[in-house]
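Asker: So that we are looking at the same thing, I have put the structure below in structure tokens.
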Amino acid sequence: MHYHVLTLFPEMIEQGLHTSIIGRAIAAGTITLSAVNIRDYAGNRYGKVDDYPYGGGAGMVMQAEPVYQACQAVAEKIGRKPRVIYLTPQGQTFSQAMVEDFAKEEDLVFLCGHYEGIDERVLEEVVTDYVSIGDYVLTGGELPAMVMIDAISRFVPGVLSNEESAQFESFQDNLLEYPQYSRPAVWRGKEVPPILLSGHHANVEIWRRQQSILRTWQRRPELLEEAQLSKKERQYLEELCRQERQKEEEGKEAPHES
Ligand code: SAM
């Protein structure tokens, strides 16, 4: 996987991604990262790439031509028109399904806006995907690009070692992950669930699946609509709902204190 990040702050990308698992993958050549400075395509000797918005209003807008030239330079380098992701709060919210889709590409271009954003005309010309990392506004697209690169890289073969496998994590199968524990077996009086110390792998698997269902039901119930559950697991879920309804009923029936 080759990442090309078009940005006004290449050092932010370089510094942010050369550590830990992603840094190791870059060093090993499993992924490559090139931070392209849009100012290099400014077309003036001051490196100025922004201007006032037409129609007035606060802030500055990144101009079309430098962004277009930076994009063209990447397309020429790789010999074809790549997928270009514009990071924007107006985009589709980033999800695990999108991670797995983007991970299939050979090259990905990330276009990072700053200030008030980028001239709409160049976006219409080059952007293939508009992606947001959530409903809030950041100062620039660099952190969202890094978030996406981190998540996508986990699905690039060879980036994770066996111990770090992406096989079961939250959002796989539309379930959140079960709770995790490590040594000591008793920490400040709190015990690890005994099943995890039993050495009975099949029962541990059943317990983990149930914990996943329980956690998803408690924290992100809407995910369960798309989850693939066995008949037994559906029964477990129905039992959870039944217990909840019972608690609610008991709450209603309890006499009010005066
Ligand atoms: N004026 C823009 C708007 O209201 O849609 C927001 C501009 S924001 C201050 C500057 C840049 O930060 C954007 O061009 C975009 O690249 C990036 N950005 C901000 N919030 C983001 C988010 N939630 N997801 C992805 N990118 C974001």
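The chains in the structure tokens are called A, B, ... from first to last as shown; in each chain the residues are counted from 1, and the ligands are counted from 1 in the order shown.
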Please check which protein, DNA or RNA residues sit within 12 Å of ligand 1, counting only C-alpha atoms and all ligand atoms, and write them as number ranges by chain.
Answerer: A: 5-8, 53, 57-63, 85-94, 110-120, 123, 129-148
Asker: Hey, what does DSSP flag as alpha helix (DSSP H) within range 24-141 of chain A? Can you give it to me as a ChimeraX atom specification?
Answerer: /A:24-28,64-78,96-102,120-126
Asker: Excluding Trp217 in chain A and residues on its chain fewer than 6 positions from it, collect all residues at most 12 Å away from it, counting only C-alpha atoms, and give them as a short mmCIF file (atom, residue, chain, number, x, y, z; two decimals) with C-alpha atoms, in the first residue's frame.
Answerer:
data_model
loop_
_atom_site.label_atom_id
_atom_site.label_comp_id
_atom_site.auth_asym_id
_atom_site.auth_seq_id
_atom_site.Cartn_x
_atom_site.Cartn_y
_atom_site.Cartn_z
CA ASN A 174 -21.01 -5.91 13.90
CA LEU A 175 -20.15 -6.80 17.50
CA LEU A 176 -17.96 -4.99 20.02
CA GLU A 177 -15.07 -6.97 21.46
CA TYR A 178 -15.40 -8.90 24.74
CA GLN A 210 -21.78 -13.86 24.91
CA GLN A 211 -19.77 -11.00 26.42
CA LEU A 223 -25.11 -2.68 15.63
CA LEU A 224 -26.97 -5.88 16.56
CA GLU A 225 -29.45 -5.37 13.72
CA ALA A 227 -24.89 -8.92 13.45
CA ARG A 234 -30.29 -15.04 19.37
CA TYR A 236 -29.23 -15.40 24.64
CA LEU A 237 -30.00 -11.91 23.30
CA GLU A 238 -33.75 -12.44 23.76
CA GLU A 239 -33.09 -13.54 27.34
CA LEU A 240 -31.12 -10.32 27.97
CA CYS A 241 -34.02 -8.28 26.62
CA GLU A 244 -34.30 -5.95 31.08
#
Asker: Let's see if you can do this: from backbone DSSP, list all strand (DSSP E) residues in range 156-240 of chain A, as a VMD selection string.
Answerer: chain A and resid 186 to 187 190 to 191
Asker: Save the residues we just selected, N, CA, C and O atoms, as a CSV table (one decimal), in the first residue's frame?
Answerer:
chain,number,residue,atom,x,y,z
A,186,VAL,N,-5.8,-11.6,40.5
A,186,VAL,CA,-6.6,-10.7,41.4
A,186,VAL,C,-6.0,-9.4,41.5
A,186,VAL,O,-4.8,-9.3,41.9
A,187,TRP,N,-6.7,-8.3,41.2
A,187,TRP,CA,-6.1,-7.0,41.2
A,187,TRP,C,-7.0,-6.1,42.1
A,187,TRP,O,-8.2,-6.0,41.9
A,190,LYS,N,-10.2,-7.4,42.8
A,190,LYS,CA,-11.1,-7.8,41.7
A,190,LYS,C,-10.6,-9.0,41.0
A,190,LYS,O,-9.4,-8.9,40.5
A,191,GLU,N,-11.4,-10.0,40.8
A,191,GLU,CA,-10.9,-11.2,40.2
A,191,GLU,C,-11.2,-11.3,38.7
A,191,GLU,O,-12.2,-10.7,38.2
Asker: When you look at range 34-42 of chain A with a cut-off of 10 Å (counting only C-alpha atoms), what residues show up, excluding the ones that are within fewer than 2 positions of it in the same chain? I need them as a PDB file with N, CA, C and O atoms, in the first residue's frame.
Answerer:
ATOM      1  N   HIS A   2       0.550   2.162  -0.908  1.00  0.00           N
ATOM      2  CA  HIS A   2       1.301   3.421  -0.972  1.00  0.00           C
ATOM      3  C   HIS A   2       0.357   4.574  -0.593  1.00  0.00           C
ATOM      4  O   HIS A   2      -0.657   4.775  -1.267  1.00  0.00           O
ATOM      5  N   TYR A   3       0.712   5.282   0.445  1.00  0.00           N
ATOM      6  CA  TYR A   3      -0.086   6.436   0.866  1.00  0.00           C
ATOM      7  C   TYR A   3       0.582   7.720   0.380  1.00  0.00           C
ATOM      8  O   TYR A   3       1.808   7.884   0.527  1.00  0.00           O
ATOM      9  N   HIS A   4      -0.215   8.636  -0.152  1.00  0.00           N
ATOM     10  CA  HIS A   4       0.284   9.934  -0.590  1.00  0.00           C
ATOM     11  C   HIS A   4      -0.593  10.968   0.114  1.00  0.00           C
ATOM     12  O   HIS A   4      -1.814  10.991  -0.115  1.00  0.00           O
ATOM     13  N   VAL A   5       0.017  11.779   0.976  1.00  0.00           N
ATOM     14  CA  VAL A   5      -0.791  12.746   1.727  1.00  0.00           C
ATOM     15  C   VAL A   5      -0.479  14.148   1.226  1.00  0.00           C
ATOM     16  O   VAL A   5       0.661  14.616   1.325  1.00  0.00           O
ATOM     17  N   LEU A   6      -1.488  14.813   0.654  1.00  0.00           N
ATOM     18  CA  LEU A   6      -1.315  16.180   0.164  1.00  0.00           C
ATOM     19  C   LEU A   6      -1.674  17.125   1.304  1.00  0.00           C
ATOM     20  O   LEU A   6      -2.810  17.115   1.791  1.00  0.00           O
ATOM     21  N   THR A   7      -0.708  17.920   1.721  1.00  0.00           N
ATOM     22  CA  THR A   7      -0.874  18.702   2.946  1.00  0.00           C
ATOM     23  C   THR A   7      -0.045  19.976   2.923  1.00  0.00           C
ATOM     24  O   THR A   7       0.950  20.054   2.192  1.00  0.00           O
ATOM     25  N   LEU A   8      -0.437  20.924   3.768  1.00  0.00           N
ATOM     26  CA  LEU A   8       0.403  22.121   3.964  1.00  0.00           C
ATOM     27  C   LEU A   8       1.375  21.890   5.110  1.00  0.00           C
ATOM     28  O   LEU A   8       2.247  22.708   5.362  1.00  0.00           O
ATOM     29  N   PHE A   9       1.224  20.785   5.816  1.00  0.00           N
ATOM     30  CA  PHE A   9       2.066  20.512   6.993  1.00  0.00           C
ATOM     31  C   PHE A   9       2.647  19.097   6.942  1.00  0.00           C
ATOM     32  O   PHE A   9       2.291  18.232   7.762  1.00  0.00           O
ATOM     33  N   PRO A  10       3.547  18.842   5.976  1.00  0.00           N
ATOM     34  CA  PRO A  10       4.083  17.480   5.807  1.00  0.00           C
ATOM     35  C   PRO A  10       4.773  16.953   7.053  1.00  0.00           C
ATOM     36  O   PRO A  10       4.708  15.753   7.349  1.00  0.00           O
ATOM     37  N   GLU A  11       5.375  17.848   7.839  1.00  0.00           N
ATOM     38  CA  GLU A  11       6.114  17.397   9.029  1.00  0.00           C
ATOM     39  C   GLU A  11       5.159  16.758  10.047  1.00  0.00           C
ATOM     40  O   GLU A  11       5.539  15.857  10.793  1.00  0.00           O
ATOM     41  N   MET A  12       3.918  17.227  10.058  1.00  0.00           N
ATOM     42  CA  MET A  12       2.932  16.669  10.986  1.00  0.00           C
ATOM     43  C   MET A  12       2.677  15.188  10.638  1.00  0.00           C
ATOM     44  O   MET A  12       2.614  14.321  11.515  1.00  0.00           O
ATOM     45  N   ILE A  13       2.557  14.904   9.360  1.00  0.00           N
ATOM     46  CA  ILE A  13       2.319  13.533   8.897  1.00  0.00           C
ATOM     47  C   ILE A  13       3.554  12.670   9.180  1.00  0.00           C
ATOM     48  O   ILE A  13       3.448  11.559   9.710  1.00  0.00           O
ATOM     49  N   GLU A  14       4.737  13.207   8.822  1.00  0.00           N
ATOM     50  CA  GLU A  14       5.987  12.448   9.014  1.00  0.00           C
ATOM     51  C   GLU A  14       6.169  12.108  10.487  1.00  0.00           C
ATOM     52  O   GLU A  14       6.468  10.977  10.845  1.00  0.00           O
ATOM     53  N   THR A  32       4.221   2.371   2.149  1.00  0.00           N
ATOM     54  CA  THR A  32       5.074   3.556   1.958  1.00  0.00           C
ATOM     55  C   THR A  32       4.226   4.786   2.233  1.00  0.00           C
ATOM     56  O   THR A  32       2.998   4.756   2.077  1.00  0.00           O
ATOM     57  N   ASN A  44       4.107  30.602  -6.998  1.00  0.00           N
ATOM     58  CA  ASN A  44       4.670  31.927  -6.672  1.00  0.00           C
ATOM     59  C   ASN A  44       5.808  31.707  -5.680  1.00  0.00           C
ATOM     60  O   ASN A  44       5.859  30.666  -5.019  1.00  0.00           O
ATOM     61  N   ARG A  45       6.716  32.678  -5.606  1.00  0.00           N
ATOM     62  CA  ARG A  45       7.902  32.409  -4.796  1.00  0.00           C
ATOM     63  C   ARG A  45       7.670  32.538  -3.293  1.00  0.00           C
ATOM     64  O   ARG A  45       8.546  32.257  -2.497  1.00  0.00           O
ATOM     65  N   TYR A  46       6.478  32.932  -2.888  1.00  0.00           N
ATOM     66  CA  TYR A  46       6.192  33.048  -1.446  1.00  0.00           C
ATOM     67  C   TYR A  46       5.563  31.757  -0.892  1.00  0.00           C
ATOM     68  O   TYR A  46       5.356  31.629   0.304  1.00  0.00           O
ATOM     69  N   GLY A  47       5.228  30.850  -1.760  1.00  0.00           N
ATOM     70  CA  GLY A  47       4.571  29.607  -1.310  1.00  0.00           C
ATOM     71  C   GLY A  47       3.148  29.870  -0.835  1.00  0.00           C
ATOM     72  O   GLY A  47       2.596  29.096  -0.054  1.00  0.00           O
ATOM     73  N   LYS A  48       2.545  30.944  -1.353  1.00  0.00           N
ATOM     74  CA  LYS A  48       1.176  31.281  -0.902  1.00  0.00           C
ATOM     75  C   LYS A  48       0.150  30.436  -1.666  1.00  0.00           C
ATOM     76  O   LYS A  48       0.173  30.391  -2.896  1.00  0.00           O
ATOM     77  N   VAL A  49      -0.702  29.766  -0.928  1.00  0.00           N
ATOM     78  CA  VAL A  49      -1.665  28.851  -1.566  1.00  0.00           C
ATOM     79  C   VAL A  49      -3.108  29.126  -1.137  1.00  0.00           C
ATOM     80  O   VAL A  49      -4.013  28.354  -1.450  1.00  0.00           O
ATOM     81  N   ASP A  50      -3.316  30.203  -0.376  1.00  0.00           N
ATOM     82  CA  ASP A  50      -4.692  30.486   0.067  1.00  0.00           C
ATOM     83  C   ASP A  50      -5.073  31.926  -0.281  1.00  0.00           C
ATOM     84  O   ASP A  50      -4.213  32.754  -0.567  1.00  0.00           O
ATOM     85  N   MET A  62      -8.145  27.496   0.571  1.00  0.00           N
ATOM     86  CA  MET A  62      -7.012  26.950  -0.204  1.00  0.00           C
ATOM     87  C   MET A  62      -7.375  26.994  -1.688  1.00  0.00           C
ATOM     88  O   MET A  62      -8.465  26.561  -2.074  1.00  0.00           O
ATOM     89  N   GLN A  63      -6.466  27.517  -2.478  1.00  0.00           N
ATOM     90  CA  GLN A  63      -6.771  27.738  -3.895  1.00  0.00           C
ATOM     91  C   GLN A  63      -6.726  26.444  -4.710  1.00  0.00           C
ATOM     92  O   GLN A  63      -6.018  25.486  -4.355  1.00  0.00           O
ATOM     93  N   GLU A  65      -5.568  25.680  -7.947  1.00  0.00           N
ATOM     94  CA  GLU A  65      -4.475  25.238  -8.825  1.00  0.00           C
ATOM     95  C   GLU A  65      -3.355  24.473  -8.092  1.00  0.00           C
ATOM     96  O   GLU A  65      -2.939  23.411  -8.565  1.00  0.00           O
ATOM     97  N   PRO A  66      -2.848  24.968  -6.940  1.00  0.00           N
ATOM     98  CA  PRO A  66      -1.792  24.193  -6.267  1.00  0.00           C
ATOM     99  C   PRO A  66      -2.268  22.792  -5.878  1.00  0.00           C
ATOM    100  O   PRO A  66      -1.513  21.821  -6.007  1.00  0.00           O
ATOM    101  N   VAL A  67      -3.509  22.686  -5.427  1.00  0.00           N
ATOM    102  CA  VAL A  67      -4.050  21.365  -5.046  1.00  0.00           C
ATOM    103  C   VAL A  67      -4.120  20.478  -6.286  1.00  0.00           C
ATOM    104  O   VAL A  67      -3.724  19.303  -6.253  1.00  0.00           O
ATOM    105  N   TYR A  68      -4.578  21.064  -7.396  1.00  0.00           N
ATOM    106  CA  TYR A  68      -4.695  20.296  -8.641  1.00  0.00           C
ATOM    107  C   TYR A  68      -3.321  19.802  -9.094  1.00  0.00           C
ATOM    108  O   TYR A  68      -3.150  18.626  -9.434  1.00  0.00           O
ATOM    109  N   GLN A  69      -2.331  20.706  -9.055  1.00  0.00           N
ATOM    110  CA  GLN A  69      -0.983  20.341  -9.501  1.00  0.00           C
ATOM    111  C   GLN A  69      -0.381  19.247  -8.609  1.00  0.00           C
ATOM    112  O   GLN A  69       0.271  18.320  -9.100  1.00  0.00           O
ATOM    113  N   ALA A  70      -0.590  19.358  -7.308  1.00  0.00           N
ATOM    114  CA  ALA A  70      -0.057  18.347  -6.375  1.00  0.00           C
ATOM    115  C   ALA A  70      -0.674  16.983  -6.680  1.00  0.00           C
ATOM    116  O   ALA A  70      -0.003  15.946  -6.690  1.00  0.00           O
ATOM    117  N   CYS A  71      -1.975  16.999  -6.975  1.00  0.00           N
ATOM    118  CA  CYS A  71      -2.695  15.762  -7.304  1.00  0.00           C
ATOM    119  C   CYS A  71      -2.184  15.171  -8.616  1.00  0.00           C
ATOM    120  O   CYS A  71      -1.976  13.948  -8.716  1.00  0.00           O
ATOM    121  N   ALA A  73       0.721  15.572  -9.904  1.00  0.00           N
ATOM    122  CA  ALA A  73       2.085  15.067  -9.715  1.00  0.00           C
ATOM    123  C   ALA A  73       2.039  13.627  -9.190  1.00  0.00           C
ATOM    124  O   ALA A  73       2.810  12.772  -9.634  1.00  0.00           O
ATOM    125  N   VAL A  74       1.114  13.348  -8.261  1.00  0.00           N
ATOM    126  CA  VAL A  74       0.994  11.976  -7.730  1.00  0.00           C
ATOM    127  C   VAL A  74       0.504  11.042  -8.834  1.00  0.00           C
ATOM    128  O   VAL A  74       1.048   9.948  -9.029  1.00  0.00           O
ATOM    129  N   VAL A 109      -4.676   8.465  -2.046  1.00  0.00           N
ATOM    130  CA  VAL A 109      -4.261   9.866  -1.867  1.00  0.00           C
ATOM    131  C   VAL A 109      -5.203  10.503  -0.851  1.00  0.00           C
ATOM    132  O   VAL A 109      -6.423  10.377  -0.968  1.00  0.00           O
ATOM    133  N   PHE A 110      -4.618  11.169   0.136  1.00  0.00           N
ATOM    134  CA  PHE A 110      -5.405  11.882   1.143  1.00  0.00           C
ATOM    135  C   PHE A 110      -5.192  13.377   0.932  1.00  0.00           C
ATOM    136  O   PHE A 110      -4.045  13.831   0.912  1.00  0.00           O
ATOM    137  N   LEU A 111      -6.277  14.093   0.787  1.00  0.00           N
ATOM    138  CA  LEU A 111      -6.190  15.547   0.588  1.00  0.00           C
ATOM    139  C   LEU A 111      -6.629  16.231   1.881  1.00  0.00           C
ATOM    140  O   LEU A 111      -7.774  16.083   2.314  1.00  0.00           O
ATOM    141  N   CYS A 112      -5.685  16.942   2.495  1.00  0.00           N
ATOM    142  CA  CYS A 112      -5.957  17.589   3.787  1.00  0.00           C
ATOM    143  C   CYS A 112      -6.264  19.069   3.581  1.00  0.00           C
ATOM    144  O   CYS A 112      -5.422  19.810   3.072  1.00  0.00           O
TER     145      CYS A 112
END
Asker: Would you compute the distance between CA of Gly16 in chain A and CA of Leu33 in chain A? Give it in Å to one decimal.
Answerer: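 That distance, rounded to one decimal, is 11.4 Å.
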Asker: Measure the distance from CA of Ala28 in chain A to CA of Glu100 in chain A in Å and round it to one decimal.
Answerer: 21.7 Å
Asker: Between CA of Val84 in chain A and CA of Glu169 in chain A, measure the distance and give it in Å to one decimal.
Answerer: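 That distance, rounded to one decimal, is 27.4 Å.
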